[in-house]
Amino acid sequence: MDSKHRAFMISRRALIKAGVFGACSLCLGNKLSTFAEDIYTPESLKGINQGFPVKEAMYYKKLEDLRIECELCPRKCTVADMERGYCGVRENRGGIYYTLVHSRVCALNIDPIEKKPLFHYLPGTKAYSLATAGCNIECKFCQNWQISQYRPEQIDSIKLTPDDIVKDAQTSGSKTIAYTYSEPVVFYEYMYDTSQLARKLGLKSVMISNGYIQEKPLVELCKYLDAVKIDLKGFTEKFYSETCSGELKPVLDTLVALKKIGIWFEIVVLIVPTLNDSEKEIKEMCAWIKNNLGTDVPIHFTRFHPTYKIKNLPPTPLNTIENARQIAIDTGLRFPYIGNVPNHEGENTYCPHCKQVIIRRVGFSILENHIKDGKCKDCSQPIPGVWS
């Protein structure tokens, strides 16, 4: 492996000194990046790409002729012997389906929880964030395509067992472990084992996902999760099919299931100019959210920047994002936000009763927090979320 493809480590102390702490630490190409200070050493990184466990998948059924059908995500891949599913991280070996990414970490960082973004979940705390390779859809605007659209053997990774992750997260002072960056559904077994152990030891877990998962594994996983963020890519089957190689309905089904389960969740919608930004689509989306999920679910309208396979479109005009937020307000949604526009008033949380700012944000930083015991300090209005 040549020098440009070697793994590297950078400490939080060095990053702070460089003035860029908080930037995303995703691996780029074949690089593993970690900002977790004093957790890894050059000696420990000698284990790059060595010793990864191969674990039987939890959700699949056996078919004739050593074929299997995956029962994890809506694709329901039928996989022949010695072949892999769409995600590229699950392989049929002699009629037994295996995950190839258990304990195989390719990206790691300690993030503000606001970066996920989760605004109604332990504001101002840190999330020990990790990913493996792979995804079960392909968004043409994916900002993390260097890991989501690669197979595990194409990316430098290090072995971190669930026990390693939980211990490291405790050492870092993080309140939460976040499964993020690529698509956690494809490393389901790793996430499941880690979140189960974390729960026993007093750490919380959150999944940052595209929502492309079947209901049975989702319900089982949510027993050990504390919050979920779902990327709702758009609100038409056309957009999902042409831009994300997926379907809208399974994601809507996931959102309804999360509501039924009762776990805290938030929604992010990346507004891409000309593709999913029409007022009609935004109005229909907001109405569906109100009618099916209620008025309290936070929805984050975030600004698109050209990347991956969509570089011919400009960043989303600010007025388009502001208009989407206003549509949500007019629909009756109580907590709409604007994302990727630092220092905008749409980053703040407002009390739905007295209209005062109860959490003031700039980017990923909390400047003021006027929530006490889950209520607005000024008028005692209950504010939905996970606050402690």
# chains A, B, ... in the order shown; residues from 1 in each chain; ligands from 1
>>> residues_around(residues="segment 301-314 of chain A", least_positions_apart="4", cutoff="6 Å", atoms="only C-alpha atoms", output="NGL selection string")
:A and (140-141 or 269-272 or 338-340)
>>> write_last_selection(atoms="N, CA and C atoms", output="mmCIF file, in the first residue's frame")
data_model
loop_
_atom_site.group_PDB
_atom_site.id
_atom_site.type_symbol
_atom_site.label_atom_id
_atom_site.label_comp_id
_atom_site.auth_asym_id
_atom_site.auth_seq_id
_atom_site.Cartn_x
_atom_site.Cartn_y
_atom_site.Cartn_z
ATOM 1 N N LYS A 140 -27.046 9.956 -4.890
ATOM 2 C CA LYS A 140 -26.101 10.625 -5.782
ATOM 3 C C LYS A 140 -25.487 11.874 -5.144
ATOM 4 N N PHE A 141 -26.047 12.302 -4.009
ATOM 5 C CA PHE A 141 -25.517 13.471 -3.296
ATOM 6 C C PHE A 141 -24.829 13.067 -1.997
ATOM 7 N N VAL A 269 -34.218 16.460 6.203
ATOM 8 C CA VAL A 269 -34.499 16.501 4.765
ATOM 9 C C VAL A 269 -33.463 17.400 4.106
ATOM 10 N N LEU A 270 -32.604 16.815 3.289
ATOM 11 C CA LEU A 270 -31.639 17.590 2.517
ATOM 12 C C LEU A 270 -32.355 18.132 1.282
ATOM 13 N N ILE A 271 -32.432 19.439 1.171
ATOM 14 C CA ILE A 271 -33.156 20.070 0.058
ATOM 15 C C ILE A 271 -32.199 20.276 -1.119
ATOM 16 N N VAL A 272 -32.439 19.535 -2.199
ATOM 17 C CA VAL A 272 -31.579 19.577 -3.383
ATOM 18 C C VAL A 272 -32.275 20.396 -4.469
ATOM 19 N N ILE A 338 -33.495 24.818 10.427
ATOM 20 C CA ILE A 338 -32.668 25.027 9.237
ATOM 21 C C ILE A 338 -31.264 24.526 9.545
ATOM 22 N N GLY A 339 -30.711 23.717 8.637
ATOM 23 C CA GLY A 339 -29.382 23.145 8.848
ATOM 24 C C GLY A 339 -28.393 23.532 7.774
ATOM 25 N N ASN A 340 -27.125 23.457 8.107
ATOM 26 C CA ASN A 340 -26.017 23.826 7.212
ATOM 27 C C ASN A 340 -26.014 25.309 6.882
#
>>> select_by_dssp(residues="segment 88-199 of chain A", states="alpha helix (DSSP H)", output="list in words")
Trp145, Gln146, Ile147, Ser148, Pro162, Asp163, Asp164, Ile165, Val166, Lys167, Asp168, Ala169, Gln170, Thr171, Ser172, Tyr188, Glu189, Tyr190, Met191, Tyr192, Asp193, Thr194, Ser195, Gln196, Leu197, Ala198 and Arg199 of chain A
>>> write_last_selection(atoms="C-alpha atoms", output="PDB file, in the first residue's frame")
ATOM      1  CA  TRP A 145     -19.576   8.111  -0.368  1.00  0.00           C
ATOM      2  CA  GLN A 146     -15.912   7.278   0.268  1.00  0.00           C
ATOM      3  CA  ILE A 147     -17.049   4.746   2.858  1.00  0.00           C
ATOM      4  CA  SER A 148     -20.731   4.141   2.128  1.00  0.00           C
ATOM      5  CA  PRO A 162     -18.270  -3.907  21.208  1.00  0.00           C
ATOM      6  CA  ASP A 163     -16.333  -4.084  24.472  1.00  0.00           C
ATOM      7  CA  ASP A 164     -13.590  -1.880  22.984  1.00  0.00           C
ATOM      8  CA  ILE A 165     -16.148   0.660  21.762  1.00  0.00           C
ATOM      9  CA  VAL A 166     -17.957   0.906  25.086  1.00  0.00           C
ATOM     10  CA  LYS A 167     -14.724   1.274  27.060  1.00  0.00           C
ATOM     11  CA  ASP A 168     -13.385   3.903  24.652  1.00  0.00           C
ATOM     12  CA  ALA A 169     -16.661   5.823  24.751  1.00  0.00           C
ATOM     13  CA  GLN A 170     -16.558   5.877  28.546  1.00  0.00           C
ATOM     14  CA  THR A 171     -12.946   7.063  28.492  1.00  0.00           C
ATOM     15  CA  SER A 172     -13.837   9.872  26.078  1.00  0.00           C
ATOM     16  CA  TYR A 188     -26.805  -4.175  12.214  1.00  0.00           C
ATOM     17  CA  GLU A 189     -25.279  -7.017  14.260  1.00  0.00           C
ATOM     18  CA  TYR A 190     -22.354  -4.860  15.362  1.00  0.00           C
ATOM     19  CA  MET A 191     -24.687  -2.019  16.321  1.00  0.00           C
ATOM     20  CA  TYR A 192     -27.016  -4.443  18.116  1.00  0.00           C
ATOM     21  CA  ASP A 193     -24.249  -6.073  20.155  1.00  0.00           C
ATOM     22  CA  THR A 194     -22.630  -2.750  21.025  1.00  0.00           C
ATOM     23  CA  SER A 195     -25.827  -0.944  22.008  1.00  0.00           C
ATOM     24  CA  GLN A 196     -26.908  -3.910  24.125  1.00  0.00           C
ATOM     25  CA  LEU A 197     -23.609  -3.830  26.041  1.00  0.00           C
ATOM     26  CA  ALA A 198     -23.692  -0.029  26.270  1.00  0.00           C
ATOM     27  CA  ARG A 199     -27.165  -0.150  27.854  1.00  0.00           C
TER      28      ARG A 199
END
>>> atom_distance(atom1="atom CA of Leu218 of chain A", atom2="atom CA of Val186 of chain A")
12.2 Å
>>> residues_around(residues="Leu232 of chain A", least_positions_apart="6", cutoff="12 Å", atoms="only C-alpha atoms", output="PyMOL selection string")
chain A and resi 139+208-212+239-240+244+246-255+266-271+276+282+285-286+289+299-302
>>> atom_distance(atom1="atom CA of Ser380 of chain A", atom2="atom CA of Tyr350 of chain A")
12.9 Å
>>> closest_residue(among="A:Ser103, A:Leu258, A:Asp226, A:Phe119", to="Ile358 of chain A", atoms="only C-alpha atoms")
A:Phe119
>>> residues_around(residues="Arg361 of chain A", least_positions_apart="2", cutoff="6 Å", atoms="only C-alpha atoms", output="mmCIF file with C-alpha atoms, in the first residue's frame")
data_model
loop_
_atom_site.group_PDB
_atom_site.id
_atom_site.type_symbol
_atom_site.label_atom_id
_atom_site.label_comp_id
_atom_site.auth_asym_id
_atom_site.auth_seq_id
_atom_site.Cartn_x
_atom_site.Cartn_y
_atom_site.Cartn_z
ATOM 1 C CA GLU A 347 -31.046 26.753 14.270
ATOM 2 C CA ASN A 348 -32.694 27.759 17.555
ATOM 3 C CA SER A 365 -22.458 24.873 19.706
ATOM 4 C CA ILE A 366 -25.035 25.580 22.413
ATOM 5 C CA LEU A 367 -24.958 29.219 23.549
#
>>> atom_distance(atom1="atom CA of Asn291 of chain A", atom2="atom CA of Arg334 of chain A")
13.4 Å
>>> residues_around(residues="segment 121-135 of chain A", least_positions_apart="5", cutoff="7 Å", atoms="only C-alpha atoms", output="number ranges by chain")
A: 87-89, 101, 104-114, 147-152, 169, 174-183, 186-187, 366, 385-388
>>> write_last_selection(atoms="C-alpha atoms", output="PDB file, in the first residue's frame")
ATOM      1  CA  CYS A  87     -24.863  -3.593   0.443  1.00  0.00           C
ATOM      2  CA  GLY A  88     -21.635  -5.453  -0.326  1.00  0.00           C
ATOM      3  CA  VAL A  89     -20.940  -6.283   3.326  1.00  0.00           C
ATOM      4  CA  VAL A 101     -18.180  -5.724   9.075  1.00  0.00           C
ATOM      5  CA  ARG A 104     -14.586  -3.469  11.487  1.00  0.00           C
ATOM      6  CA  VAL A 105     -14.425   0.291  12.042  1.00  0.00           C
ATOM      7  CA  CYS A 106     -13.386   2.556   9.166  1.00  0.00           C
ATOM      8  CA  ALA A 107     -14.411   5.929  10.628  1.00  0.00           C
ATOM      9  CA  LEU A 108     -14.395   7.206  14.176  1.00  0.00           C
ATOM     10  CA  ASN A 109     -14.851  10.575  15.820  1.00  0.00           C
ATOM     11  CA  ILE A 110     -16.112  12.293  18.945  1.00  0.00           C
ATOM     12  CA  ASP A 111     -18.836  14.659  17.749  1.00  0.00           C
ATOM     13  CA  PRO A 112     -21.235  17.133  19.299  1.00  0.00           C
ATOM     14  CA  ILE A 113     -24.636  15.452  19.335  1.00  0.00           C
ATOM     15  CA  GLU A 114     -25.914  18.489  17.403  1.00  0.00           C
ATOM     16  CA  ILE A 147     -17.049   4.746   2.858  1.00  0.00           C
ATOM     17  CA  SER A 148     -20.731   4.141   2.128  1.00  0.00           C
ATOM     18  CA  GLN A 149     -20.196   3.066  -1.475  1.00  0.00           C
ATOM     19  CA  TYR A 150     -17.171   0.841  -0.927  1.00  0.00           C
ATOM     20  CA  ARG A 151     -16.805  -2.772   0.135  1.00  0.00           C
ATOM     21  CA  PRO A 152     -15.044  -3.400   3.450  1.00  0.00           C
ATOM     22  CA  ALA A 169     -16.661   5.823  24.751  1.00  0.00           C
ATOM     23  CA  SER A 174     -19.223  10.737  25.723  1.00  0.00           C
ATOM     24  CA  LYS A 175     -22.782  10.220  26.897  1.00  0.00           C
ATOM     25  CA  THR A 176     -23.788   8.410  23.748  1.00  0.00           C
ATOM     26  CA  ILE A 177     -22.497   6.021  21.104  1.00  0.00           C
ATOM     27  CA  ALA A 178     -23.676   7.073  17.636  1.00  0.00           C
ATOM     28  CA  TYR A 179     -23.843   4.629  14.728  1.00  0.00           C
ATOM     29  CA  THR A 180     -23.505   6.984  11.804  1.00  0.00           C
ATOM     30  CA  TYR A 181     -21.593   8.281   8.743  1.00  0.00           C
ATOM     31  CA  SER A 182     -22.316   5.325   6.404  1.00  0.00           C
ATOM     32  CA  GLU A 183     -25.526   3.286   6.989  1.00  0.00           C
ATOM     33  CA  VAL A 186     -25.837  -2.737   7.104  1.00  0.00           C
ATOM     34  CA  PHE A 187     -23.726  -3.225  10.238  1.00  0.00           C
ATOM     35  CA  ILE A 366     -25.035  25.580  22.413  1.00  0.00           C
ATOM     36  CA  GLY A 385     -37.283  15.289  23.753  1.00  0.00           C
ATOM     37  CA  VAL A 386     -34.656  13.475  25.814  1.00  0.00           C
ATOM     38  CA  TRP A 387     -33.109  16.039  28.132  1.00  0.00           C
ATOM     39  CA  SER A 388     -31.345  13.919  30.773  1.00  0.00           C
TER      40      SER A 388
END
>>> closest_residue(among="A:Leu275, A:Met207, A:Val54, A:Cys379", to="Cys354 of chain A", atoms="only C-alpha atoms")
A:Cys379
>>> closest_residue(among="A:Tyr97, A:Ala257, A:Asn144, A:His120", to="Gly374 of chain A", atoms="only C-alpha atoms")
A:His120
>>> select_by_dssp(residues="segment 188-387 of chain A", states="strand (DSSP E)", output="ChimeraX atom specification")
/A:204-209,227-231,264-271,299-303,336-339,349-350,357-362,365-369,371-372,375-376
>>> closest_residue(among="A:His353, A:Val219, A:Glu138, A:Arg360", to="Lys375 of chain A", atoms="only C-alpha atoms")
A:His353
